[in-house]
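Undergrad: If you scroll down you'll find the structure; I have some questions about it.
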Amino acid sequence: MTHDTDILIVGGGLNGPSLALALAQGGLRVTVVDALPRDTRAAPEFDGRSYSLAIASTRVLAGLGVWADVVDQTQPILQIKASDGRPSEGAAPLFMHFDHTEIEEGPMGHMLEDRILRPALLAAMDREPLITQVSDARVTAQQIDAQGATVTTESGKTFRARLLVGCDGRDSPTAQRAGIKRTGWDYGQTGLVCAVAHELPHNGCAHQFFMPAGPLAILPLPGNRSSIVWTERTQTAAAIHALDNAAYLDALRPRFGEFLGEISLTGKRFAYPLKLTIANSFIGPRLALVGDAAHGMHPIAGQGFNFGLRDVAALAEVLIEAMRRGEDIANPLVLERYQQWRRFDTMMMAVGTDSVNRLFSNDNPMIRGLRDLGMGAISAVPALRRRFIREAAGLTGELPRLMRGLPI
């Protein structure tokens, strides 16, 4: 039976195009199908998020030929400070402080805005002859048989591939149609996301304030701007999000503080419900899940997209090596290699972010005192600081070749 393509990716956000580029470099034909029109996905106002890219993630983007197109519009992360805080009180006296000079690889990471990265990925796919892009096409059905996978779009058009990959988000319809269940829970929190301009320079320092309702991240962007990821209880977040810009800033200022001077909003505001959701299996018959389709975790560590790129690098390496050995790339034993590589690592990160969120999203005086002592102790021991920096930079564990700066 003939196939339209080797691999069909459902979902054209960030992970889908990244995977397509990695696979095409290995000689595989890839089709990327997305439900949204291309112009919508490429629009500057489409998604207001920014991403804290670990060193390992920047290596992946460099290997895909994308990093050179965006690096001039990134902000290197030179320091990270994490502390307890309360609105209007500022940071606690004991805190964690990490500096990029403690590792040899350079900045601990880079901040990059979605509005810059997304068009760069689309343009990179345009340059790759082995990638076919299909936009404004919602997949409504999929069928798996011994020879391949067939998907049908809302318009009735069908596509057939050797392997189907779901990159279609935390509520992945691809996973649902395959009968893959999920484990997780709602945090009762919402992430309020915006960008602010401020009077004083941030000097490349990322701040994480652990407030009683949830963490507030202030992440440096190019110029005197910062990305804000502000976690609040769901009901409170809804009320804040409904405010006009002036009132929204009035609510933010007591939490933000005055260390960067006066602040003002730049661009639109967004709100994202927060929940933990892990697919019970990352694979199925002629199927693999990548990124949020496989796992969605709390943004407290800023690792969501970084872990998606780990999936991309691992799956691409597994499939390309299988193809070179003459194996069926959708053989269950091949796909199991991907699952074994990624599932344990993902579960550990999910448990870790969940535990940290539970530990810090409260105002219990005894717990608060103990965690402040813990942060102070970590910051005082150079070996612990260096370990945390290397973890945050994505430099530990069994890394795929792309994350080590090597071609597959």
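Chain labels run A, B, ... following the order of the structure tokens; each chain numbers its residues from 1, and ligands are numbered from 1 in the order shown.
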List the spatial neighbours of Leu252 in chain A as an NGL selection string - criterion: any atom at most 9 Å away, only C-alpha atoms, same-chain residues fewer than 4 positions off excluded.
TA: :A and (87 or 230 or 247-248 or 256-257)
Undergrad: Write out as a PyMOL selection string the residues lying within 10 Å of range 129-139 of chain A, counting only C-alpha atoms and excluding same-chain residues fewer than 2 positions away.
TA: chain A and resi 5-12+17+20-21+23-41+122+124-127+141-142+151-159+173-174
Undergrad: Counting only C-alpha atoms, which residue out of A:Asp84, A:Leu399, A:Phe305, A:Glu232 sits closest to Leu359 in chain A?
TA: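 The closest residue to Leu359 in chain A is A:Asp84.
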Undergrad: Within 12 Å of Arg177 in chain A, counting only C-alpha atoms, which residues show up once you throw out same-chain ones fewer than 5 positions away? Write them as a list of chain:residue names, please.
TA: A:Val139, A:Thr140, A:Ala141, A:Gln142, A:Gln143, A:Ile144, A:Val151, A:Leu164, A:Gly166, A:Asp171, A:Ser172, A:Gly284, A:Pro285, A:Leu287
Undergrad: So that I can check the surroundings of Gly296 in chain A, please list as a PyMOL selection string every protein, DNA and RNA residue that reaches within 8 Å of it, counting only C-alpha atoms and ignoring chain neighbours fewer than 2 positions away.
TA: chain A and resi 170+275-278+291-294+298+304
Undergrad: Any idea what's packed within 6 Å of Gln189 in chain A, counting only C-alpha atoms, ignoring anything in its chain fewer than 5 positions away? Could you give it as JSON, numbers by chain?
TA: {"A": [232, 233, 234, 274]}
Undergrad: One decimal, in Å: what's the spacing between CA of Val165 in chain A and CA of Val290 in chain A?
TA: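 Atom-to-atom, CA of Val165 in chain A to CA of Val290 in chain A, that is 7.2 Å.
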Undergrad: Neighbouring residues of Ala197 in chain A were defined as those with any atom within 6 Å, considering only C-alpha atoms; residues of the same chain fewer than 2 positions away were excluded. Please report them as a VMD selection string.
TA: chain A and resid 224 to 225 263 to 264
Undergrad: How would the residues just chosen look if you wrote them out with N, CA, C and O atoms as a PDB file, in the first residue's frame?
TA:
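Ended up saving to selection_17.pdb:
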ATOM      1  N   ASN A 224      14.724  47.040  27.939  1.00  0.00           N
ATOM      2  CA  ASN A 224      14.187  47.145  29.306  1.00  0.00           C
ATOM      3  C   ASN A 224      12.770  46.587  29.331  1.00  0.00           C
ATOM      4  O   ASN A 224      11.798  47.289  29.605  1.00  0.00           O
ATOM      5  N   ARG A 225      12.669  45.283  29.032  1.00  0.00           N
ATOM      6  CA  ARG A 225      11.377  44.594  29.040  1.00  0.00           C
ATOM      7  C   ARG A 225      11.533  43.263  29.755  1.00  0.00           C
ATOM      8  O   ARG A 225      12.609  42.683  29.780  1.00  0.00           O
ATOM      9  N   ILE A 263       6.653  50.423  35.865  1.00  0.00           N
ATOM     10  CA  ILE A 263       6.377  49.431  34.821  1.00  0.00           C
ATOM     11  C   ILE A 263       5.155  49.838  34.010  1.00  0.00           C
ATOM     12  O   ILE A 263       4.287  50.569  34.492  1.00  0.00           O
ATOM     13  N   SER A 264       5.106  49.356  32.763  1.00  0.00           N
ATOM     14  CA  SER A 264       3.947  49.582  31.894  1.00  0.00           C
ATOM     15  C   SER A 264       3.767  48.352  31.020  1.00  0.00           C
ATOM     16  O   SER A 264       4.728  47.627  30.724  1.00  0.00           O
TER      17      SER A 264
END
